[in-house]
>>> print(open('work27.cif').read())   # mmCIF, C-alpha atoms
data_target
loop_
_atom_site.label_atom_id
_atom_site.label_comp_id
_atom_site.auth_asym_id
_atom_site.auth_seq_id
_atom_site.Cartn_x
_atom_site.Cartn_y
_atom_site.Cartn_z
CA GLY A 81 129.51 89.85 144.76
CA VAL A 82 125.99 89.16 145.88
CA ALA A 83 125.10 90.59 149.31
CA GLY A 84 122.59 87.78 149.93
CA ARG A 85 119.09 86.89 148.87
CA VAL A 86 115.89 88.71 149.75
CA LEU A 87 112.49 87.02 149.51
CA LEU A 88 109.70 89.62 149.25
CA LEU A 89 106.24 88.47 150.37
CA ARG A 90 103.08 90.28 149.34
CA GLY A 91 100.15 91.41 151.38
CA ALA A 92 96.57 90.17 151.10
CA GLY A 93 94.89 91.16 147.85
CA GLY A 94 98.20 92.22 146.35
CA GLY A 95 100.84 90.61 144.21
CA ALA A 96 104.50 90.62 143.31
CA TRP A 97 103.91 94.08 141.80
CA GLU A 98 103.87 95.50 145.35
CA TRP A 99 107.64 95.09 145.41
CA ASN A 100 108.58 96.64 142.04
CA VAL A 101 110.35 99.63 143.60
CA TRP A 102 111.85 97.89 146.63
CA GLY A 103 113.03 94.93 144.57
CA GLY A 104 115.08 97.36 142.50
CA VAL A 105 116.45 99.01 145.64
CA PHE A 106 117.62 95.66 147.01
CA GLU A 107 119.13 94.69 143.64
CA ALA A 108 121.00 98.00 143.48
CA GLU A 109 122.52 97.13 146.88
CA GLY A 110 123.77 93.80 145.53
CA PHE A 111 121.04 91.45 146.73
CA GLU A 112 119.49 88.68 144.69
CA VAL A 113 115.72 89.25 144.82
CA ALA A 114 112.96 86.64 144.67
CA VAL A 115 109.28 87.60 144.68
CA PRO A 116 106.90 84.63 144.75
CA ASP A 117 103.36 85.63 143.78
CA LEU A 118 101.44 83.36 146.22
CA LEU A 119 98.98 81.77 143.85
CA PRO A 120 95.59 80.20 144.50
CA VAL A 121 95.29 76.42 144.48
CA ALA A 122 94.01 74.65 141.35
CA ASP A 123 90.40 74.80 142.63
CA GLY A 124 90.59 78.61 142.85
CA ILE A 125 91.06 81.36 145.38
CA GLY A 126 87.96 80.29 147.33
CA ALA A 127 89.57 76.89 148.01
CA THR A 128 92.95 78.35 149.01
CA ARG A 129 93.97 77.98 152.65
CA PHE A 130 96.59 79.68 154.84
CA GLU A 131 98.66 76.49 154.76
CA ASP A 132 98.74 76.63 150.94
CA TYR A 133 100.55 79.98 151.10
CA VAL A 134 102.87 78.67 153.83
CA ALA A 135 103.81 75.73 151.59
CA GLN A 136 104.50 78.04 148.63
CA ILE A 137 106.82 80.20 150.72
CA ARG A 138 108.63 77.18 152.14
CA GLY A 139 109.21 76.05 148.56
CA ALA A 140 110.55 79.44 147.50
CA ALA A 141 112.69 80.27 150.53
CA ARG A 142 116.28 79.27 151.12
CA GLU A 143 118.10 79.05 154.41
CA GLY A 144 119.85 82.36 155.05
CA ASP A 145 117.42 84.51 153.04
CA VAL A 146 116.22 87.84 154.34
CA LEU A 147 112.42 87.49 154.50
CA VAL A 148 110.56 90.75 153.93
CA GLY A 149 106.79 90.58 154.34
CA ALA A 150 104.06 93.18 154.09
CA SER A 151 100.78 92.70 155.98
CA LEU A 152 99.74 89.07 155.41
CA GLY A 153 103.23 88.44 153.99
CA GLY A 154 104.74 89.52 157.31
CA LEU A 155 102.67 87.00 159.25
CA LEU A 156 103.57 84.30 156.72
CA ALA A 157 107.27 85.19 157.11
CA LEU A 158 106.98 84.69 160.89
CA VAL A 159 105.26 81.33 160.39
CA VAL A 160 107.90 79.91 158.03
CA ALA A 161 110.95 81.38 159.80
CA PRO A 162 111.58 78.40 162.13
CA VAL A 163 111.65 76.03 159.14
CA VAL A 164 113.50 78.10 156.53
CA ARG A 165 115.87 79.79 159.02
CA PRO A 166 116.28 83.26 157.49
CA CYS A 167 119.22 85.44 158.48
CA ALA A 168 116.78 88.31 159.18
CA LEU A 169 113.10 89.25 159.06
CA VAL A 170 111.64 92.59 157.97
CA LEU A 171 107.96 92.93 158.87
CA VAL A 172 106.13 95.84 157.23
CA ASN A 173 102.71 96.47 158.79
CA ALA A 174 102.57 92.73 159.41
CA MET A 175 99.34 91.09 160.50
CA PRO A 176 100.10 90.24 164.12
CA PRO A 177 100.32 86.71 165.50
CA VAL A 178 98.80 85.45 168.76
CA PRO A 179 98.31 87.18 171.23
CA TRP A 180 98.52 90.60 169.52
CA HIS A 181 95.95 89.69 166.85
CA SER A 182 93.25 90.29 169.47
CA MET A 183 94.14 94.00 169.57
CA LEU A 184 92.94 94.49 165.99
CA PRO A 185 89.36 95.37 165.12
CA ALA A 186 87.27 92.25 164.59
CA ARG A 187 86.86 91.23 160.94
CA GLU A 188 83.50 90.28 159.58
CA ALA A 189 83.21 86.61 158.72
CA SER A 190 84.20 86.48 155.09
CA ALA A 191 82.81 84.56 152.21
CA ASP A 192 85.00 82.09 150.36
CA VAL A 193 86.39 85.01 148.36
CA VAL A 194 87.15 88.53 149.58
CA PRO A 195 86.37 90.62 146.46
CA TRP A 196 89.22 93.12 146.72
CA GLY A 197 90.04 92.89 143.02
CA SER A 198 86.64 92.30 141.46
CA GLU A 199 84.98 95.05 143.52
CA ALA A 200 87.94 97.45 143.80
CA SER A 201 87.31 101.16 143.63
CA LEU A 202 89.73 104.03 143.34
CA ALA A 203 88.15 105.63 146.43
CA GLY A 204 88.66 102.42 148.41
CA THR A 205 92.26 102.23 147.23
CA ARG A 206 92.89 105.81 148.36
CA LYS A 207 91.44 104.94 151.78
CA ALA A 208 93.67 101.84 152.00
CA MET A 209 96.74 103.86 150.97
CA PRO A 210 96.28 107.20 152.76
CA ASP A 211 99.87 108.41 152.30
CA ALA A 212 100.23 107.35 148.66
CA ASP A 213 100.25 109.75 145.74
CA ASP A 214 97.68 109.59 142.92
CA ALA A 215 99.95 107.56 140.63
CA ALA A 216 100.60 104.91 143.27
CA CYS A 217 96.89 104.64 144.11
CA LEU A 218 95.97 104.22 140.46
CA TYR A 219 98.72 101.62 139.97
CA ALA A 220 97.48 99.57 142.94
CA PHE A 221 93.79 100.00 142.03
CA ARG A 222 94.43 98.37 138.64
CA ARG A 223 96.24 95.41 140.22
CA TRP A 224 94.33 94.37 143.35
CA ARG A 225 93.22 90.77 143.33
CA ASP A 226 90.58 88.87 145.17
CA GLU A 227 91.80 87.06 148.26
CA SER A 228 90.86 83.83 149.96
CA GLY A 229 88.31 84.28 152.72
CA ALA A 230 89.75 81.22 154.49
CA VAL A 231 93.26 82.71 154.45
CA MET A 232 92.00 85.99 155.89
CA ALA A 233 89.84 84.22 158.49
CA ALA A 234 92.78 82.08 159.65
CA ALA A 235 95.14 85.07 159.88
CA SER A 236 92.55 87.18 161.71
CA ALA A 237 91.64 84.39 164.13
CA GLY A 238 95.23 84.32 165.32
CA VAL A 239 98.23 82.29 164.29
CA THR A 240 100.70 81.09 166.90
CA VAL A 241 104.33 81.54 165.89
CA GLU A 242 107.65 80.64 167.47
CA PRO A 243 109.73 83.63 168.55
CA PRO A 244 112.24 84.43 165.80
CA VAL A 245 115.88 83.60 166.51
CA CYS A 246 117.22 86.00 163.88
CA PRO A 247 117.29 89.82 163.86
CA VAL A 248 113.84 91.33 163.23
CA LEU A 249 112.96 94.81 161.97
CA VAL A 250 109.32 95.73 162.57
CA MET A 251 107.90 98.72 160.72
CA ALA A 252 104.37 99.83 161.55
CA SER A 253 102.54 102.81 160.14
CA GLU A 254 99.81 104.65 161.95
CA LEU A 255 97.09 104.29 159.30
CA ASP A 256 97.61 100.85 157.69
#
>>> encode(input="work27.cif", output="C-alpha cells")
Amino acid sequence: GVAGRVLLLRGAGGGAWEWNVWGGVFEAEGFEVAVPDLLPVADGIGATRFEDYVAQIRGAAREGDVLVGASLGGLLALVVAPVVRPCALVLVNAMPPVPWHSMLPAREASADVVPWGSEASLAGTRKAMPDADDAACLYAFRRWRDESGAVMAAASAGVTVEPPVCPVLVMASELD
C-alpha cells in the first residue's frame, strides 16, 4: 500500500528537478510523490508575488501530506501548514520566518527579477553548492531559473507563521 503522500517544494531559483533523487527515494519507500513547479503568474516572473506561490501550494497540497521544503520552499511549507494541515513538515535549509529572519545577512533590494538563471555561472553554482560534486553542480547550473524579486523581498523581510502543530524535522547545513 501507499505510505502516504509527500509534497516536495523547491527553493528559490530552482525547480521540480531539485527533487529528482529524493522523489525516487520517497517512492521506493512507498510514498506517492507530488512536485509542483511553482510557476510565475501570467504577467511573468517579475509580477509574481509570495502569495502567488502560497496559492499554488495550497492548490497542490492535501490534508495529511508530508510537506518537504528546501530554502524558500521550507518557508512556504510553514506558511501553508495551518491551512493544509500536513501530518509532518521537513524543512531543509529553510528560509526562516519572523523573528529568526533578522539573523540572516541583509539582502540587497532586488529588481523585479533576480537573474539567477539568465546570469548563472558554473563558478557561482559551485559557490552556492559547496559540498556538491562536479556532476551535481553542472546539472544545477543548466537548470537555474530567474526568481521573482518581490518573492525574495517578502521572504527576506520576514514572514510571520503560526507554530506548526505537526511533527517538524529541521535540517540546516553550515554553508547554505
>>> atom_distance(input="work27.cif", atom1="atom CA of Gly84 of chain A", atom2="atom CA of Asp145 of chain A")
6.9 Å
>>> resolve_selection(input="work27.cif", expression="the PyMOL selection byres ((chain A and resi 109) around 12)", output="NGL selection string")
:A and (81-86 or 102-108 or 110-113)
>>> atom_distance(input="work27.cif", atom1="atom CA of Phe221 of chain A", atom2="atom CA of Val121 of chain A")
23.8 Å
>>> residues_around(input="work27.cif", residues="segment 177-180 of chain A", least_positions_apart="6", cutoff="10 Å", atoms="only C-alpha atoms", output="JSON, numbers by chain")
{"A": [154, 155, 156, 158, 159, 235, 236, 237, 238, 239, 240, 241, 242]}
>>> write_last_selection(input="work27.cif", atoms="C-alpha atoms", output="short mmCIF file (atom, residue, chain, number, x, y, z; two decimals), keeping the file's coordinate frame")
data_model
loop_
_atom_site.label_atom_id
_atom_site.label_comp_id
_atom_site.auth_asym_id
_atom_site.auth_seq_id
_atom_site.Cartn_x
_atom_site.Cartn_y
_atom_site.Cartn_z
CA GLY A 154 104.74 89.52 157.31
CA LEU A 155 102.67 87.00 159.25
CA LEU A 156 103.57 84.30 156.72
CA LEU A 158 106.98 84.69 160.89
CA VAL A 159 105.26 81.33 160.39
CA ALA A 235 95.14 85.07 159.88
CA SER A 236 92.55 87.18 161.71
CA ALA A 237 91.64 84.39 164.13
CA GLY A 238 95.23 84.32 165.32
CA VAL A 239 98.23 82.29 164.29
CA THR A 240 100.70 81.09 166.90
CA VAL A 241 104.33 81.54 165.89
CA GLU A 242 107.65 80.64 167.47
#
>>> closest_residue(input="work27.cif", among="A:Ala150, A:Pro243, A:Gly124, A:Ser228", to="Ala96 of chain A", atoms="only C-alpha atoms")
A:Ala150
>>> resolve_selection(input="work27.cif", expression="the PyMOL selection byres ((chain A and resi 195-212) around 9)", output="JSON, numbers by chain")
{"A": [93, 94, 193, 194, 213, 214, 215, 216, 217, 218, 220, 221, 222, 223, 224, 225, 226, 227, 228, 255, 256]}
>>> closest_residue(input="work27.cif", among="A:Leu171, A:Gly91, A:Ala186, A:Met232", to="Arg129 of chain A", atoms="only C-alpha atoms")
A:Met232
>>> residues_around(input="work27.cif", residues="Arg90 of chain A", least_positions_apart="4", cutoff="10 Å", atoms="all atoms listed in the file", output="list in words")
Gly94, Gly95, Ala96, Trp97, Glu98, Trp99, Val115, Pro116, Asp117, Leu118, Val148, Gly149, Ala150, Ser151, Leu152, Gly153, Gly154 and Leu156 of chain A
>>> atom_distance(input="work27.cif", atom1="atom CA of Glu143 of chain A", atom2="atom CA of Thr128 of chain A")
25.7 Å
>>> closest_atom_pairs(input="work27.cif", of="segment 165-210 of chain A", to="segment 246-249 of chain A", cutoff="10 Å", atoms="all atoms listed in the file", output="JSON lines")
{"residue": "A:Arg165", "atom": "CA", "partner": "A:Cys246", "partner_atom": "CA", "distance": 8.0}
{"residue": "A:Pro166", "atom": "CA", "partner": "A:Cys246", "partner_atom": "CA", "distance": 7.0}
{"residue": "A:Cys167", "atom": "CA", "partner": "A:Cys246", "partner_atom": "CA", "distance": 5.8}
{"residue": "A:Ala168", "atom": "CA", "partner": "A:Pro247", "partner_atom": "CA", "distance": 4.9}
{"residue": "A:Leu169", "atom": "CA", "partner": "A:Val248", "partner_atom": "CA", "distance": 4.7}
{"residue": "A:Val170", "atom": "CA", "partner": "A:Leu249", "partner_atom": "CA", "distance": 4.8}
{"residue": "A:Leu171", "atom": "CA", "partner": "A:Leu249", "partner_atom": "CA", "distance": 6.2}
{"residue": "A:Val172", "atom": "CA", "partner": "A:Leu249", "partner_atom": "CA", "distance": 8.4}
>>> closest_residue(input="work27.cif", among="A:Ala252, A:Leu119, A:Ala92, A:Val164", to="Ala141 of chain A", atoms="only C-alpha atoms")
A:Val164
>>> build_atoms(input="work27.cif", residues="segment 96-107 of chain A", atoms="all heavy atoms", output="mmCIF file, in the coordinates of the input")
data_model
loop_
_atom_site.group_PDB
_atom_site.id
_atom_site.type_symbol
_atom_site.label_atom_id
_atom_site.label_comp_id
_atom_site.auth_asym_id
_atom_site.auth_seq_id
_atom_site.Cartn_x
_atom_site.Cartn_y
_atom_site.Cartn_z
ATOM 1 N N ALA A 96 103.068 90.330 143.412
ATOM 2 C CA ALA A 96 104.500 90.620 143.310
ATOM 3 C C ALA A 96 104.740 92.078 142.921
ATOM 4 O O ALA A 96 105.766 92.666 143.285
ATOM 5 C CB ALA A 96 105.153 89.676 142.300
ATOM 6 N N TRP A 97 103.796 92.681 142.222
ATOM 7 C CA TRP A 97 103.910 94.080 141.800
ATOM 8 C C TRP A 97 104.134 95.032 142.965
ATOM 9 O O TRP A 97 104.693 96.108 142.793
ATOM 10 C CB TRP A 97 102.667 94.510 140.999
ATOM 11 C CG TRP A 97 101.368 94.337 141.751
ATOM 12 C CD1 TRP A 97 100.540 93.245 141.712
ATOM 13 C CD2 TRP A 97 100.758 95.264 142.659
ATOM 14 N NE1 TRP A 97 99.460 93.442 142.536
ATOM 15 C CE2 TRP A 97 99.560 94.681 143.135
ATOM 16 C CE3 TRP A 97 101.092 96.538 143.109
ATOM 17 C CZ2 TRP A 97 98.707 95.316 144.033
ATOM 18 C CZ3 TRP A 97 100.240 97.173 144.009
ATOM 19 C CH2 TRP A 97 99.066 96.562 144.456
ATOM 20 N N GLU A 98 103.691 94.643 144.175
ATOM 21 C CA GLU A 98 103.870 95.500 145.350
ATOM 22 C C GLU A 98 105.339 95.834 145.585
ATOM 23 O O GLU A 98 105.657 96.835 146.220
ATOM 24 C CB GLU A 98 103.366 94.805 146.615
ATOM 25 C CG GLU A 98 101.894 94.620 146.712
ATOM 26 C CD GLU A 98 101.510 93.897 147.999
ATOM 27 O OE1 GLU A 98 102.082 94.203 149.070
ATOM 28 O OE2 GLU A 98 100.643 93.022 147.929
ATOM 29 N N TRP A 99 106.216 94.975 145.112
ATOM 30 C CA TRP A 99 107.640 95.090 145.410
ATOM 31 C C TRP A 99 108.460 95.625 144.249
ATOM 32 O O TRP A 99 109.693 95.581 144.290
ATOM 33 C CB TRP A 99 108.168 93.717 145.845
ATOM 34 C CG TRP A 99 107.510 93.247 147.096
ATOM 35 C CD1 TRP A 99 106.561 92.266 147.214
ATOM 36 C CD2 TRP A 99 107.730 93.754 148.415
ATOM 37 N NE1 TRP A 99 106.189 92.132 148.531
ATOM 38 C CE2 TRP A 99 106.891 93.032 149.289
ATOM 39 C CE3 TRP A 99 108.549 94.754 148.942
ATOM 40 C CZ2 TRP A 99 106.852 93.275 150.657
ATOM 41 C CZ3 TRP A 99 108.506 94.985 150.313
ATOM 42 C CH2 TRP A 99 107.675 94.253 151.147
ATOM 43 N N ASN A 100 107.823 96.151 143.205
ATOM 44 C CA ASN A 100 108.580 96.640 142.040
ATOM 45 C C ASN A 100 109.677 97.625 142.428
ATOM 46 O O ASN A 100 110.821 97.494 141.990
ATOM 47 C CB ASN A 100 107.644 97.279 141.014
ATOM 48 C CG ASN A 100 106.786 96.271 140.294
ATOM 49 O OD1 ASN A 100 107.005 95.060 140.382
ATOM 50 N ND2 ASN A 100 105.800 96.748 139.568
ATOM 51 N N VAL A 101 109.356 98.613 143.229
ATOM 52 C CA VAL A 101 110.350 99.630 143.600
ATOM 53 C C VAL A 101 111.385 99.050 144.551
ATOM 54 O O VAL A 101 112.582 99.166 144.339
ATOM 55 C CB VAL A 101 109.663 100.872 144.208
ATOM 56 C CG1 VAL A 101 110.689 101.838 144.790
ATOM 57 C CG2 VAL A 101 108.809 101.571 143.142
ATOM 58 N N TRP A 102 110.914 98.396 145.634
ATOM 59 C CA TRP A 102 111.850 97.890 146.630
ATOM 60 C C TRP A 102 112.709 96.767 146.099
ATOM 61 O O TRP A 102 113.876 96.629 146.506
ATOM 62 C CB TRP A 102 111.109 97.486 147.909
ATOM 63 C CG TRP A 102 110.783 98.696 148.715
ATOM 64 C CD1 TRP A 102 109.568 99.299 148.834
ATOM 65 C CD2 TRP A 102 111.702 99.486 149.459
ATOM 66 N NE1 TRP A 102 109.678 100.418 149.630
ATOM 67 C CE2 TRP A 102 110.978 100.558 150.026
ATOM 68 C CE3 TRP A 102 113.067 99.403 149.711
ATOM 69 C CZ2 TRP A 102 111.570 101.522 150.832
ATOM 70 C CZ3 TRP A 102 113.661 100.372 150.513
ATOM 71 C CH2 TRP A 102 112.914 101.413 151.064
ATOM 72 N N GLY A 103 112.192 95.963 145.194
ATOM 73 C CA GLY A 103 113.030 94.930 144.570
ATOM 74 C C GLY A 103 114.226 95.550 143.882
ATOM 75 O O GLY A 103 115.355 95.074 144.005
ATOM 76 N N GLY A 104 113.986 96.655 143.157
ATOM 77 C CA GLY A 104 115.080 97.360 142.500
ATOM 78 C C GLY A 104 116.066 97.964 143.478
ATOM 79 O O GLY A 104 117.280 97.983 143.229
ATOM 80 N N VAL A 105 115.563 98.446 144.609
ATOM 81 C CA VAL A 105 116.450 99.010 145.640
ATOM 82 C C VAL A 105 117.369 97.918 146.186
ATOM 83 O O VAL A 105 118.584 98.114 146.308
ATOM 84 C CB VAL A 105 115.632 99.666 146.771
ATOM 85 C CG1 VAL A 105 116.522 100.039 147.949
ATOM 86 C CG2 VAL A 105 114.882 100.894 146.247
ATOM 87 N N PHE A 106 116.798 96.758 146.508
ATOM 88 C CA PHE A 106 117.620 95.660 147.010
ATOM 89 C C PHE A 106 118.630 95.195 145.964
ATOM 90 O O PHE A 106 119.794 94.930 146.289
ATOM 91 C CB PHE A 106 116.746 94.483 147.463
ATOM 92 C CG PHE A 106 116.110 94.669 148.810
ATOM 93 C CD1 PHE A 106 114.733 94.836 148.928
ATOM 94 C CD2 PHE A 106 116.879 94.665 149.968
ATOM 95 C CE1 PHE A 106 114.143 94.997 150.175
ATOM 96 C CE2 PHE A 106 116.288 94.827 151.219
ATOM 97 C CZ PHE A 106 114.921 94.999 151.319
ATOM 98 N N GLU A 107 118.197 95.087 144.713
ATOM 99 C CA GLU A 107 119.130 94.690 143.640
ATOM 100 C C GLU A 107 120.267 95.683 143.501
ATOM 101 O O GLU A 107 121.424 95.304 143.310
ATOM 102 C CB GLU A 107 118.381 94.514 142.329
ATOM 103 C CG GLU A 107 117.541 93.258 142.303
ATOM 104 C CD GLU A 107 116.666 93.153 141.062
ATOM 105 O OE1 GLU A 107 116.459 94.157 140.342
ATOM 106 O OE2 GLU A 107 116.148 92.045 140.827
#
